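Here the structure comes first, spelled out in structure tokens, and everything after it is commentary.
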Amino acid sequence: MRILLVKPDQEAFETEIKDDLTSLQETVGGYIQALYPFDDPVALICNEENKLLGLPLNRALYDDEGRVYDIIAGDFFLTGLGEDDFSDLSDELMKKYMEHFKYPEIFFRSGNEIVAIKQTEGYMEDIAEKSLSEPLL
């Protein structure tokens, strides 16, 4: 089965896994949980106990206003949805979500919100440049 695998601190990448429960569980390192956070026919498959196990934070999920409403911890992947089960991720959806999850994120709390910053190439230089050019008050 063709999937998009997303690991903490890495760019998302396309890979193949077997279409059976054991392979799904091995890919996320434990019991699976399927989430459906997007309008497209895709499932996000993650470790059901990702936060309880203290797995490293990976990528944020955002609401319609662009605010973080959840963070997926540990490895996860996206798969297509067939009539009765998971299926290959189509070329179109692979490209779309590869771009969506391309860059790793770092997280911090600001007041009552959690903020995610994508770690694009040169992101540390951008942060340093902004912090030097903006007043502290």
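Labeling convention for the structure tokens: chains A, B, ... as they appear, residues from 1 per chain, ligands from 1 in order of appearance.
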
Can you check which parts of region 11-73 of chain A lie within 7 Å of region 103-119 of chain A? Per residue, the shortest pair of atoms and distance in Å to one decimal, counting only C-alpha atoms, sorted by chain and number, as a tab-separated table.
```
residue	atom	partner	partner_atom	distance
A:Glu11	CA	A:Tyr103	CA	5.3
A:Asn58	CA	A:Glu105	CA	6.7
A:Arg59	CA	A:Glu105	CA	6.0
A:Ala60	CA	A:Ala116	CA	6.8
A:Val68	CA	A:Ile114	CA	6.4
```

Residue subset to file, keeping all heavy atoms, as a PDB file, in the first residue's frame:
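Saved the output as result_32.pdb:
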```
ATOM      1  N   GLU A  11      11.418  15.433   6.841  1.00  0.00           N
ATOM      2  CA  GLU A  11      10.446  15.723   5.797  1.00  0.00           C
ATOM      3  C   GLU A  11       9.581  14.494   5.578  1.00  0.00           C
ATOM      4  O   GLU A  11      10.060  13.360   5.692  1.00  0.00           O
ATOM      5  CB  GLU A  11      11.141  16.085   4.481  1.00  0.00           C
ATOM      6  CG  GLU A  11      11.723  17.468   4.467  1.00  0.00           C
ATOM      7  CD  GLU A  11      12.172  17.894   3.074  1.00  0.00           C
ATOM      8  OE1 GLU A  11      11.647  17.358   2.064  1.00  0.00           O
ATOM      9  OE2 GLU A  11      13.042  18.765   3.003  1.00  0.00           O
ATOM     10  N   ASN A  58       5.254  15.704  16.675  1.00  0.00           N
ATOM     11  CA  ASN A  58       5.562  15.588  15.261  1.00  0.00           C
ATOM     12  C   ASN A  58       4.971  16.753  14.468  1.00  0.00           C
ATOM     13  O   ASN A  58       5.683  17.674  14.111  1.00  0.00           O
ATOM     14  CB  ASN A  58       5.048  14.233  14.749  1.00  0.00           C
ATOM     15  CG  ASN A  58       5.503  13.896  13.360  1.00  0.00           C
ATOM     16  OD1 ASN A  58       5.917  14.754  12.605  1.00  0.00           O
ATOM     17  ND2 ASN A  58       5.443  12.627  13.013  1.00  0.00           N
ATOM     18  N   ARG A  59       3.663  16.723  14.195  1.00  0.00           N
ATOM     19  CA  ARG A  59       3.034  17.770  13.393  1.00  0.00           C
ATOM     20  C   ARG A  59       1.717  18.187  14.036  1.00  0.00           C
ATOM     21  O   ARG A  59       1.038  17.386  14.688  1.00  0.00           O
ATOM     22  CB  ARG A  59       2.729  17.291  11.967  1.00  0.00           C
ATOM     23  CG  ARG A  59       3.914  16.827  11.135  1.00  0.00           C
ATOM     24  CD  ARG A  59       4.908  17.930  10.838  1.00  0.00           C
ATOM     25  NE  ARG A  59       5.756  17.651   9.711  1.00  0.00           N
ATOM     26  CZ  ARG A  59       6.801  16.833   9.701  1.00  0.00           C
ATOM     27  NH1 ARG A  59       7.135  16.160  10.774  1.00  0.00           N
ATOM     28  NH2 ARG A  59       7.533  16.678   8.602  1.00  0.00           N
ATOM     29  N   ALA A  60       1.349  19.440  13.802  1.00  0.00           N
ATOM     30  CA  ALA A  60       0.111  19.995  14.340  1.00  0.00           C
ATOM     31  C   ALA A  60      -1.046  19.768  13.373  1.00  0.00           C
ATOM     32  O   ALA A  60      -0.853  19.667  12.157  1.00  0.00           O
ATOM     33  CB  ALA A  60       0.277  21.493  14.600  1.00  0.00           C
ATOM     34  N   VAL A  68      -3.871  25.778  16.144  1.00  0.00           N
ATOM     35  CA  VAL A  68      -3.543  24.399  16.487  1.00  0.00           C
ATOM     36  C   VAL A  68      -4.618  23.852  17.414  1.00  0.00           C
ATOM     37  O   VAL A  68      -4.927  24.453  18.429  1.00  0.00           O
ATOM     38  CB  VAL A  68      -2.165  24.324  17.183  1.00  0.00           C
ATOM     39  CG1 VAL A  68      -1.879  22.906  17.669  1.00  0.00           C
ATOM     40  CG2 VAL A  68      -1.060  24.807  16.253  1.00  0.00           C
TER      41      VAL A  68
END
```

- Message: Write out as a VMD selection string the set of residues from region 2-126 of chain A that DSSP, computed on the backbone, places in helix (DSSP H, G or I).
- Response: chain A and resid 21 to 28 91 to 100 123 to 126

Any chance you can output those residues with N, CA and C atoms as a PDB file, in the first residue's frame?
```pdb
ATOM      1  N   LEU A  21      -2.888  -5.463   9.213  1.00  0.00           N
ATOM      2  CA  LEU A  21      -2.857  -4.815  10.517  1.00  0.00           C
ATOM      3  C   LEU A  21      -1.458  -4.806  11.122  1.00  0.00           C
ATOM      4  N   THR A  22      -0.737  -5.893  10.988  1.00  0.00           N
ATOM      5  CA  THR A  22       0.613  -5.970  11.558  1.00  0.00           C
ATOM      6  C   THR A  22       1.513  -4.886  10.970  1.00  0.00           C
ATOM      7  N   SER A  23       1.459  -4.683   9.670  1.00  0.00           N
ATOM      8  CA  SER A  23       2.285  -3.661   9.020  1.00  0.00           C
ATOM      9  C   SER A  23       1.873  -2.257   9.447  1.00  0.00           C
ATOM     10  N   LEU A  24       0.572  -2.033   9.566  1.00  0.00           N
ATOM     11  CA  LEU A  24       0.099  -0.727  10.024  1.00  0.00           C
ATOM     12  C   LEU A  24       0.632  -0.436  11.422  1.00  0.00           C
ATOM     13  N   GLN A  25       0.544  -1.438  12.313  1.00  0.00           N
ATOM     14  CA  GLN A  25       1.008  -1.264  13.686  1.00  0.00           C
ATOM     15  C   GLN A  25       2.523  -1.086  13.750  1.00  0.00           C
ATOM     16  N   GLU A  26       3.265  -1.838  12.960  1.00  0.00           N
ATOM     17  CA  GLU A  26       4.719  -1.701  12.944  1.00  0.00           C
ATOM     18  C   GLU A  26       5.136  -0.309  12.480  1.00  0.00           C
ATOM     19  N   THR A  27       4.397   0.253  11.539  1.00  0.00           N
ATOM     20  CA  THR A  27       4.744   1.557  10.987  1.00  0.00           C
ATOM     21  C   THR A  27       4.606   2.668  12.023  1.00  0.00           C
ATOM     22  N   VAL A  28       3.625   2.550  12.933  1.00  0.00           N
ATOM     23  CA  VAL A  28       3.435   3.584  13.958  1.00  0.00           C
ATOM     24  C   VAL A  28       3.951   3.155  15.330  1.00  0.00           C
ATOM     25  N   ASP A  91      -1.903   9.905  -6.511  1.00  0.00           N
ATOM     26  CA  ASP A  91      -0.820  10.829  -6.868  1.00  0.00           C
ATOM     27  C   ASP A  91      -1.155  12.251  -6.438  1.00  0.00           C
ATOM     28  N   GLU A  92      -2.374  12.674  -6.709  1.00  0.00           N
ATOM     29  CA  GLU A  92      -2.806  14.039  -6.385  1.00  0.00           C
ATOM     30  C   GLU A  92      -2.753  14.296  -4.874  1.00  0.00           C
ATOM     31  N   LEU A  93      -3.288  13.357  -4.087  1.00  0.00           N
ATOM     32  CA  LEU A  93      -3.289  13.541  -2.642  1.00  0.00           C
ATOM     33  C   LEU A  93      -1.891  13.368  -2.049  1.00  0.00           C
ATOM     34  N   MET A  94      -1.084  12.507  -2.643  1.00  0.00           N
ATOM     35  CA  MET A  94       0.300  12.349  -2.196  1.00  0.00           C
ATOM     36  C   MET A  94       1.028  13.680  -2.332  1.00  0.00           C
ATOM     37  N   LYS A  95       0.897  14.301  -3.476  1.00  0.00           N
ATOM     38  CA  LYS A  95       1.572  15.579  -3.724  1.00  0.00           C
ATOM     39  C   LYS A  95       1.060  16.659  -2.760  1.00  0.00           C
ATOM     40  N   LYS A  96      -0.250  16.737  -2.596  1.00  0.00           N
ATOM     41  CA  LYS A  96      -0.846  17.751  -1.729  1.00  0.00           C
ATOM     42  C   LYS A  96      -0.358  17.618  -0.285  1.00  0.00           C
ATOM     43  N   TYR A  97      -0.415  16.407   0.256  1.00  0.00           N
ATOM     44  CA  TYR A  97      -0.062  16.227   1.667  1.00  0.00           C
ATOM     45  C   TYR A  97       1.449  16.119   1.890  1.00  0.00           C
ATOM     46  N   MET A  98       2.191  15.779   0.854  1.00  0.00           N
ATOM     47  CA  MET A  98       3.645  15.820   0.972  1.00  0.00           C
ATOM     48  C   MET A  98       4.070  17.278   1.183  1.00  0.00           C
ATOM     49  N   GLU A  99       3.434  18.181   0.480  1.00  0.00           N
ATOM     50  CA  GLU A  99       3.717  19.610   0.661  1.00  0.00           C
ATOM     51  C   GLU A  99       3.197  20.087   2.022  1.00  0.00           C
ATOM     52  N   HIS A 100       2.012  19.662   2.404  1.00  0.00           N
ATOM     53  CA  HIS A 100       1.405  20.069   3.676  1.00  0.00           C
ATOM     54  C   HIS A 100       2.273  19.664   4.871  1.00  0.00           C
ATOM     55  N   TYR A 123      15.218  28.340   8.614  1.00  0.00           N
ATOM     56  CA  TYR A 123      14.261  28.890   9.576  1.00  0.00           C
ATOM     57  C   TYR A 123      14.952  29.500  10.782  1.00  0.00           C
ATOM     58  N   MET A 124      16.072  28.939  11.239  1.00  0.00           N
ATOM     59  CA  MET A 124      16.773  29.514  12.387  1.00  0.00           C
ATOM     60  C   MET A 124      17.340  30.885  12.031  1.00  0.00           C
ATOM     61  N   GLU A 125      17.845  31.031  10.809  1.00  0.00           N
ATOM     62  CA  GLU A 125      18.358  32.320  10.376  1.00  0.00           C
ATOM     63  C   GLU A 125      17.225  33.353  10.325  1.00  0.00           C
ATOM     64  N   ASP A 126      16.034  32.924   9.859  1.00  0.00           N
ATOM     65  CA  ASP A 126      14.878  33.822   9.809  1.00  0.00           C
ATOM     66  C   ASP A 126      14.483  34.275  11.207  1.00  0.00           C
TER      67      ASP A 126
END
```

- Pairwise distance for CA of Ile32 (chain A) and CA of Ser90 (chain A), rounded to one decimal in Å: 21.6 Å

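Coordinates place CA of Asp63 (chain A) at a distance of 21.6 Å from CA of Thr120 (chain A).
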
- Query: Using only C-alpha atoms, which residues sit within 12 Å of Leu53 (chain A) once same-chain residues fewer than 3 positions away are excluded, as a list in words?
  - Reply: Gly29, Gly30, Tyr31, Asn47, Glu48, Glu49, Asn50, Pro56, Leu57, Ala73 and Gly74 of chain A

- Could you pull the residues within 9 Å of Asp19 (chain A), counting only C-alpha atoms, minus those fewer than 5 positions along the same chain, as a PyMOL selection string? chain A and resi 1+24+86-87

- Provide the CA of Arg2 (chain A) to CA of Leu55 (chain A) distance in Å, to one decimal place.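 Computing the Euclidean distance for CA of Arg2 (chain A) and CA of Leu55 (chain A) yields 24.3 Å.
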
Using only C-alpha atoms, which protein or nucleic acid residues come within 6 Å of Ile45 (chain A)? Drop anything in the same chain fewer than 2 positions from it, and give the result as an mmCIF file with all heavy atoms, in the first residue's frame.
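Written file, selection-v6.cif:
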```cif
data_model
loop_
_atom_site.group_PDB
_atom_site.id
_atom_site.type_symbol
_atom_site.label_atom_id
_atom_site.label_comp_id
_atom_site.auth_asym_id
_atom_site.auth_seq_id
_atom_site.Cartn_x
_atom_site.Cartn_y
_atom_site.Cartn_z
ATOM 1 N N GLN A 33 -4.601 4.148 15.530
ATOM 2 C CA GLN A 33 -5.798 4.984 15.632
ATOM 3 C C GLN A 33 -5.939 5.697 14.298
ATOM 4 O O GLN A 33 -4.955 6.250 13.786
ATOM 5 C CB GLN A 33 -5.648 6.006 16.754
ATOM 6 C CG GLN A 33 -6.816 6.954 16.854
ATOM 7 C CD GLN A 33 -6.631 7.985 17.971
ATOM 8 O OE1 GLN A 33 -5.524 8.236 18.439
ATOM 9 N NE2 GLN A 33 -7.720 8.582 18.375
ATOM 10 N N ALA A 34 -7.125 5.668 13.720
ATOM 11 C CA ALA A 34 -7.385 6.365 12.466
ATOM 12 C C ALA A 34 -8.115 7.668 12.765
ATOM 13 O O ALA A 34 -9.106 7.677 13.491
ATOM 14 C CB ALA A 34 -8.219 5.495 11.529
ATOM 15 N N PHE A 76 3.504 8.876 12.034
ATOM 16 C CA PHE A 76 2.156 8.645 11.524
ATOM 17 C C PHE A 76 2.224 8.602 10.011
ATOM 18 O O PHE A 76 3.243 8.935 9.415
ATOM 19 C CB PHE A 76 1.159 9.700 12.022
ATOM 20 C CG PHE A 76 1.340 11.086 11.461
ATOM 21 C CD1 PHE A 76 0.733 11.472 10.276
ATOM 22 C CD2 PHE A 76 2.097 12.031 12.143
ATOM 23 C CE1 PHE A 76 0.880 12.757 9.772
ATOM 24 C CE2 PHE A 76 2.247 13.311 11.655
ATOM 25 C CZ PHE A 76 1.643 13.682 10.463
ATOM 26 N N PHE A 77 1.130 8.157 9.405
ATOM 27 C CA PHE A 77 1.089 8.155 7.950
ATOM 28 C C PHE A 77 -0.310 8.463 7.456
ATOM 29 O O PHE A 77 -1.292 8.361 8.183
ATOM 30 C CB PHE A 77 1.611 6.836 7.367
ATOM 31 C CG PHE A 77 0.814 5.615 7.707
ATOM 32 C CD1 PHE A 77 -0.227 5.186 6.897
ATOM 33 C CD2 PHE A 77 1.115 4.864 8.838
ATOM 34 C CE1 PHE A 77 -0.955 4.049 7.199
ATOM 35 C CE2 PHE A 77 0.408 3.726 9.156
ATOM 36 C CZ PHE A 77 -0.638 3.311 8.337
#
```

- Task: Would you mind listing what lies within 9 Å of Pro37 (chain A) as number ranges by chain, with only C-alpha atoms counted and same-chain residues fewer than 4 positions away left out?
- Result: A: 42-44, 61-62

- Task: DSSP on the backbone, then: every residue of chain A marked strand (DSSP E or B), written as number ranges by chain.
- Result: A: 2-6, 13-16, 32-35, 42-47, 57-62, 68-73, 76-81, 86-87, 105-110, 113-118

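With only C-alpha atoms as the atoms that count, the minimum distance from Val6 (chain A) to the choices A:Asp39, A:Asp70, A:Asp75, A:Asp20 is reached by A:Asp75.
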